[in-house]
>>> print(open('target_38.csv').read())   # CSV, C-alpha atoms
chain,number,residue,atom,x,y,z
O,1126,MET,CA,1.5,39.6,-13.7
O,1127,MET,CA,0.3,43.1,-13.1
O,1128,ARG,CA,-2.5,44.7,-15.1
O,1129,ASN,CA,-3.0,48.4,-15.6
O,1130,ALA,CA,-6.4,50.1,-15.9
O,1131,PRO,CA,-7.7,50.1,-19.5
O,1132,THR,CA,-7.4,53.4,-21.4
O,1133,LEU,CA,-9.7,54.8,-24.0
O,1134,VAL,CA,-8.1,55.1,-27.4
O,1135,GLU,CA,-11.0,56.2,-29.5
O,1136,ALA,CA,-14.3,57.4,-28.0
O,1137,PRO,CA,-17.7,56.6,-29.4
O,1138,SER,CA,-18.8,58.8,-32.2
O,1139,HIS,CA,-22.4,58.9,-31.0
O,1140,LYS,CA,-24.3,58.7,-27.6
O,1141,PRO,CA,-26.5,55.7,-26.9
O,1142,VAL,CA,-29.6,57.9,-26.6
O,1143,THR,CA,-30.3,60.8,-29.0
O,1144,LEU,CA,-31.5,64.3,-28.1
O,1145,ALA,CA,-34.8,63.5,-30.0
O,1146,GLU,CA,-35.3,60.3,-28.0
O,1147,ALA,CA,-34.7,62.1,-24.7
O,1148,LYS,CA,-37.0,65.0,-25.6
O,1149,ALA,CA,-39.7,62.6,-26.6
O,1150,HIS,CA,-39.4,60.8,-23.3
O,1151,LEU,CA,-39.5,64.1,-21.4
O,1152,ARG,CA,-42.4,65.4,-23.5
O,1153,VAL,CA,-40.4,68.5,-24.3
O,1154,ASP,CA,-41.4,70.3,-27.6
O,1155,THR,CA,-39.2,73.4,-27.5
O,1156,ASN,CA,-35.5,73.8,-28.1
O,1157,ASP,CA,-35.0,76.0,-25.0
O,1158,GLU,CA,-33.4,73.3,-22.9
O,1159,ASP,CA,-31.6,71.3,-25.5
O,1160,PHE,CA,-28.2,72.1,-23.9
O,1161,LEU,CA,-29.4,70.8,-20.5
O,1162,ILE,CA,-31.0,67.7,-21.9
O,1163,ASP,CA,-27.9,66.9,-24.0
O,1164,ALA,CA,-25.7,67.3,-20.8
O,1165,LEU,CA,-28.0,64.9,-19.0
O,1166,ILE,CA,-27.6,62.4,-21.8
O,1167,THR,CA,-23.8,62.7,-21.6
O,1168,THR,CA,-24.0,62.3,-17.8
O,1169,ALA,CA,-26.1,59.2,-18.0
O,1170,ALA,CA,-23.8,57.7,-20.7
O,1171,THR,CA,-20.7,58.5,-18.6
O,1172,HIS,CA,-22.3,56.9,-15.6
O,1173,LEU,CA,-22.9,53.6,-17.4
O,1174,ASP,CA,-20.3,53.3,-20.2
O,1175,GLY,CA,-16.7,52.1,-20.4
O,1176,TRP,CA,-14.2,51.2,-17.8
O,1177,SER,CA,-15.3,53.8,-15.2
O,1178,GLY,CA,-19.0,53.2,-15.9
O,1179,ILE,CA,-21.0,51.1,-13.4
O,1180,LEU,CA,-21.8,48.4,-16.1
O,1181,GLY,CA,-18.2,47.6,-16.9
O,1182,ARG,CA,-19.3,47.5,-20.6
O,1183,ALA,CA,-18.8,49.5,-23.7
O,1184,LEU,CA,-22.1,50.7,-25.2
O,1185,VAL,CA,-21.5,52.3,-28.6
O,1186,THR,CA,-18.5,51.1,-30.6
O,1187,GLN,CA,-15.2,52.4,-29.1
O,1188,THR,CA,-11.5,51.4,-28.9
O,1189,TRP,CA,-9.7,50.6,-25.7
O,1190,GLN,CA,-6.2,49.5,-24.8
O,1191,GLU,CA,-4.9,47.4,-21.9
O,1192,THR,CA,-1.4,46.9,-20.7
O,1193,LEU,CA,0.1,44.1,-18.7
O,1194,SER,CA,3.5,43.4,-17.2
O,1195,ALA,CA,3.7,40.0,-19.0
O,1196,PHE,CA,1.7,37.5,-20.9
O,1197,PRO,CA,-0.6,35.3,-18.6
O,1198,VAL,CA,0.8,31.9,-17.7
O,1199,CYS,CA,-2.5,30.2,-18.2
O,1200,GLY,CA,-2.7,31.0,-21.9
O,1201,LEU,CA,-5.9,33.1,-21.6
O,1202,LEU,CA,-5.6,36.8,-22.0
O,1203,ARG,CA,-8.7,38.3,-20.4
O,1204,LEU,CA,-10.1,41.6,-21.6
O,1205,ARG,CA,-11.9,43.8,-19.1
O,1206,LEU,CA,-14.6,45.3,-21.2
O,1207,ALA,CA,-17.4,43.7,-23.1
O,1208,PRO,CA,-18.7,43.0,-25.7
O,1209,VAL,CA,-15.5,42.8,-27.8
O,1210,GLN,CA,-15.9,43.1,-31.5
O,1211,THR,CA,-12.3,42.7,-32.7
O,1212,VAL,CA,-8.8,42.6,-31.4
O,1213,GLU,CA,-6.8,45.2,-33.4
O,1214,ALA,CA,-3.4,44.2,-32.2
O,1215,ILE,CA,-1.3,42.6,-29.4
O,1216,LEU,CA,2.0,44.4,-29.0
O,1217,TYR,CA,4.8,43.3,-26.7
O,1218,ARG,CA,8.3,44.3,-25.7
O,1219,ASP,CA,10.7,41.4,-26.4
O,1220,ALA,CA,13.6,40.4,-24.2
O,1221,ALA,CA,15.7,43.3,-25.8
O,1222,ASN,CA,12.9,45.8,-25.0
O,1223,THR,CA,12.0,46.2,-28.7
O,1224,GLU,CA,8.3,46.6,-29.5
O,1225,ARG,CA,6.9,43.7,-31.6
O,1226,THR,CA,3.5,42.8,-32.9
O,1227,LEU,CA,2.3,39.4,-31.9
O,1228,SER,CA,1.2,37.4,-35.0
O,1229,PRO,CA,-2.5,36.7,-35.1
O,1230,SER,CA,-1.7,33.2,-36.1
O,1231,LEU,CA,-0.6,32.5,-32.5
O,1232,TYR,CA,-3.9,33.2,-30.9
O,1233,GLU,CA,-7.7,32.9,-31.3
O,1234,GLY,CA,-10.1,35.6,-30.4
O,1235,PRO,CA,-11.9,37.5,-29.3
O,1236,LEU,CA,-13.7,34.6,-27.6
O,1237,ALA,CA,-16.2,34.9,-24.7
O,1238,ASP,CA,-17.4,32.8,-21.8
O,1239,ASP,CA,-19.2,33.5,-18.5
O,1240,LEU,CA,-16.4,35.6,-17.3
O,1241,GLY,CA,-16.3,37.8,-20.4
O,1242,ALA,CA,-14.1,38.3,-23.4
O,1243,TYR,CA,-10.6,36.8,-23.9
O,1244,VAL,CA,-7.9,35.9,-26.3
O,1245,ALA,CA,-6.6,32.3,-26.2
O,1246,LEU,CA,-3.1,31.2,-27.1
O,1247,LYS,CA,-3.3,28.3,-29.6
O,1248,SER,CA,-2.5,25.0,-28.0
O,1249,THR,CA,0.6,24.4,-30.1
O,1250,GLU,CA,2.0,27.9,-29.4
O,1251,VAL,CA,3.8,29.7,-26.5
O,1252,TRP,CA,3.7,33.3,-25.5
O,1253,PRO,CA,7.0,35.1,-26.4
O,1254,ALA,CA,9.4,36.2,-23.6
O,1255,THR,CA,8.9,39.8,-22.6
O,1256,TYR,CA,11.1,42.5,-21.1
O,1257,GLU,CA,10.5,43.2,-17.4
O,1258,ARG,CA,8.3,46.4,-17.3
O,1259,ARG,CA,4.8,47.4,-16.3
O,1260,ASP,CA,3.6,47.7,-19.9
O,1261,ALA,CA,5.4,44.8,-21.6
O,1262,VAL,CA,2.2,43.7,-23.3
O,1263,THR,CA,-0.4,46.0,-24.9
O,1264,VAL,CA,-3.8,44.8,-26.2
O,1265,ARG,CA,-5.8,47.1,-28.4
O,1266,TYR,CA,-9.4,46.1,-29.1
O,1267,VAL,CA,-12.7,47.5,-30.4
O,1268,CYS,CA,-15.7,46.9,-28.2
O,1269,GLY,CA,-19.3,47.9,-27.8
O,1270,TYR,CA,-22.7,46.7,-29.1
O,1271,GLY,CA,-22.3,48.7,-32.4
O,1272,ALA,CA,-24.4,51.7,-33.3
O,1273,PRO,CA,-26.7,53.4,-30.8
O,1274,ALA,CA,-29.6,51.4,-32.2
O,1275,ASP,CA,-27.7,48.2,-31.2
O,1276,VAL,CA,-27.5,49.1,-27.5
O,1277,PRO,CA,-29.8,46.8,-25.5
O,1278,ALA,CA,-33.2,48.3,-24.9
O,1279,PRO,CA,-33.0,47.9,-21.1
O,1280,VAL,CA,-29.9,50.1,-21.1
O,1281,LYS,CA,-31.5,52.8,-23.3
O,1282,GLN,CA,-34.7,52.7,-21.2
O,1283,ALA,CA,-32.6,53.0,-18.0
O,1284,MET,CA,-30.8,56.0,-19.4
O,1285,LEU,CA,-34.2,57.7,-20.3
O,1286,LEU,CA,-35.4,57.0,-16.7
O,1287,MET,CA,-32.2,58.5,-15.3
O,1288,ILE,CA,-32.5,61.6,-17.6
O,1289,GLY,CA,-36.2,62.0,-16.7
O,1290,ASP,CA,-35.4,61.8,-13.0
O,1291,TRP,CA,-32.5,64.3,-13.2
O,1292,TYR,CA,-34.6,66.6,-15.4
O,1293,ALA,CA,-37.5,66.7,-12.9
O,1294,ASN,CA,-35.3,66.8,-9.8
O,1295,ARG,CA,-32.5,69.2,-10.4
O,1296,GLU,CA,-31.3,69.3,-6.8
O,1297,PRO,CA,-30.8,66.6,-4.2
O,1298,PRO,CA,-33.9,66.0,-2.1
O,1299,THR,CA,-32.1,67.3,1.0
O,1300,ALA,CA,-28.8,69.2,1.4
O,1301,GLY,CA,-25.7,67.0,1.4
O,1302,THR,CA,-27.3,63.9,-0.2
O,1303,ALA,CA,-26.7,62.5,-3.6
O,1304,LEU,CA,-29.5,61.5,-6.0
O,1305,ALA,CA,-29.7,57.7,-6.3
O,1306,LEU,CA,-30.6,56.0,-9.5
O,1307,PRO,CA,-34.4,55.5,-9.9
O,1308,PHE,CA,-35.3,52.0,-8.7
O,1309,ALA,CA,-36.6,51.0,-12.2
O,1310,ALA,CA,-33.4,52.0,-13.8
O,1311,SER,CA,-31.3,50.0,-11.3
O,1312,ALA,CA,-33.6,47.0,-11.9
O,1313,LEU,CA,-33.1,47.3,-15.7
O,1314,LEU,CA,-29.3,47.5,-15.4
O,1315,ALA,CA,-28.7,44.9,-12.7
O,1316,PRO,CA,-28.6,41.8,-15.1
O,1317,LEU,CA,-26.1,43.6,-17.3
O,1318,ARG,CA,-23.5,44.6,-14.7
O,1319,ARG,CA,-20.2,42.9,-15.0
O,1320,GLY,CA,-17.9,42.0,-12.2
O,1321,CYS,CA,-14.1,42.7,-12.2
O,1322,VAL,CA,-11.9,40.4,-14.3
>>> encode(input="target_38.csv", output="structure tokens")
Amino acid sequence: MMRNAPTLVEAPSHKPVTLAEAKAHLRVDTNDEDFLIDALITTAATHLDGWSGILGRALVTQTWQETLSAFPVCGLLRLRLAPVQTVEAILYRDAANTERTLSPSLYEGPLADDLGAYVALKSTEVWPATYERRDAVTVRYVCGYGAPADVPAPVKQAMLLMIGDWYANREPPTAGTALALPFAASALLAPLRRGCV
């Protein structure tokens, strides 16, 4: 079975950290640098959030889609992002290459264990046969902690530390070097990082 990289269907409607929160952290009282500070918030969120983010997690509610070449033999369909709120639909191409929607009565989920979120085929059911193609199965799901206020405090604090560091140090310390995450931010994020599924 081959898995393709998840794709974003619906982006979050808000950022995990507000402009007001960032300005309070930076102790900025004027509006002169709002554009810069907002860009730093976006950069920090992009660095952490979603499939390409270093956490491997969705922060604020968003919708993702994954495609597979077939249903998994083991009966567990693992989802690559966490936390998963709901599974909107599981679509598949039947043996005649016609798109069908898998009945929710055939599976349970979203469920979660130490490896992350998954959908489980009920013990009395079998996955339907699929056409041979790279995207024979599509899973669309909503994930994230919820609203910005629901994002774990360590993530928000790490973002503020990153924003503060980038605001104070607008250039790399020496030519040709990249700015590393502040140690405190890395320490806050370490327990939340997910491995690949």
>>> closest_residue(input="target_38.csv", among="O:Pro1208, O:Gly1289, O:Pro1137, O:Pro1279", to="Ala1312 of chain O", atoms="all atoms listed in the file")
O:Pro1279
>>> closest_residue(input="target_38.csv", among="O:Arg1182, O:His1139, O:Arg1218, O:Lys1281", to="Ala1310 of chain O", atoms="all atoms listed in the file")
O:Lys1281
>>> closest_residue(input="target_38.csv", among="O:Ser1230, O:Thr1171, O:Thr1263, O:Gln1282", to="Ser1248 of chain O", atoms="all atoms listed in the file")
O:Ser1230
>>> residues_near_point(input="target_38.csv", point="(0.6, 34.2, -17.0)", cutoff="12 Å", atoms="all atoms listed in the file", output="VMD selection string")
chain O and resid 1126 to 1128 1193 to 1203 1245 to 1246 1251 to 1255 1262
>>> residues_around(input="target_38.csv", residues="Gly1181 of chain O", least_positions_apart="2", cutoff="9 Å", atoms="all atoms listed in the file", output="ChimeraX atom specification")
/O:1173-1179,1183,1205-1207,1317-1321
>>> closest_residue(input="target_38.csv", among="O:Thr1188, O:Arg1258, O:Phe1160, O:Val1209", to="Pro1131 of chain O", atoms="all atoms listed in the file")
O:Thr1188
>>> atom_distance(input="target_38.csv", atom1="atom CA of Val1134 of chain O", atom2="atom CA of Ile1288 of chain O")
27.1 Å
>>> atom_distance(input="target_38.csv", atom1="atom CA of Tyr1266 of chain O", atom2="atom CA of Glu1213 of chain O")
5.1 Å
>>> residues_around(input="target_38.csv", residues="segment 1141-1149 of chain O", least_positions_apart="3", cutoff="12 Å", atoms="all atoms listed in the file", output="ChimeraX atom specification")
/O:1137-1138,1152-1171,1173-1174,1183-1187,1269-1292
>>> residues_around(input="target_38.csv", residues="Thr1211 of chain O", least_positions_apart="4", cutoff="8 Å", atoms="all atoms listed in the file", output="PyMOL selection string")
chain O and resi 1234-1235+1266-1268
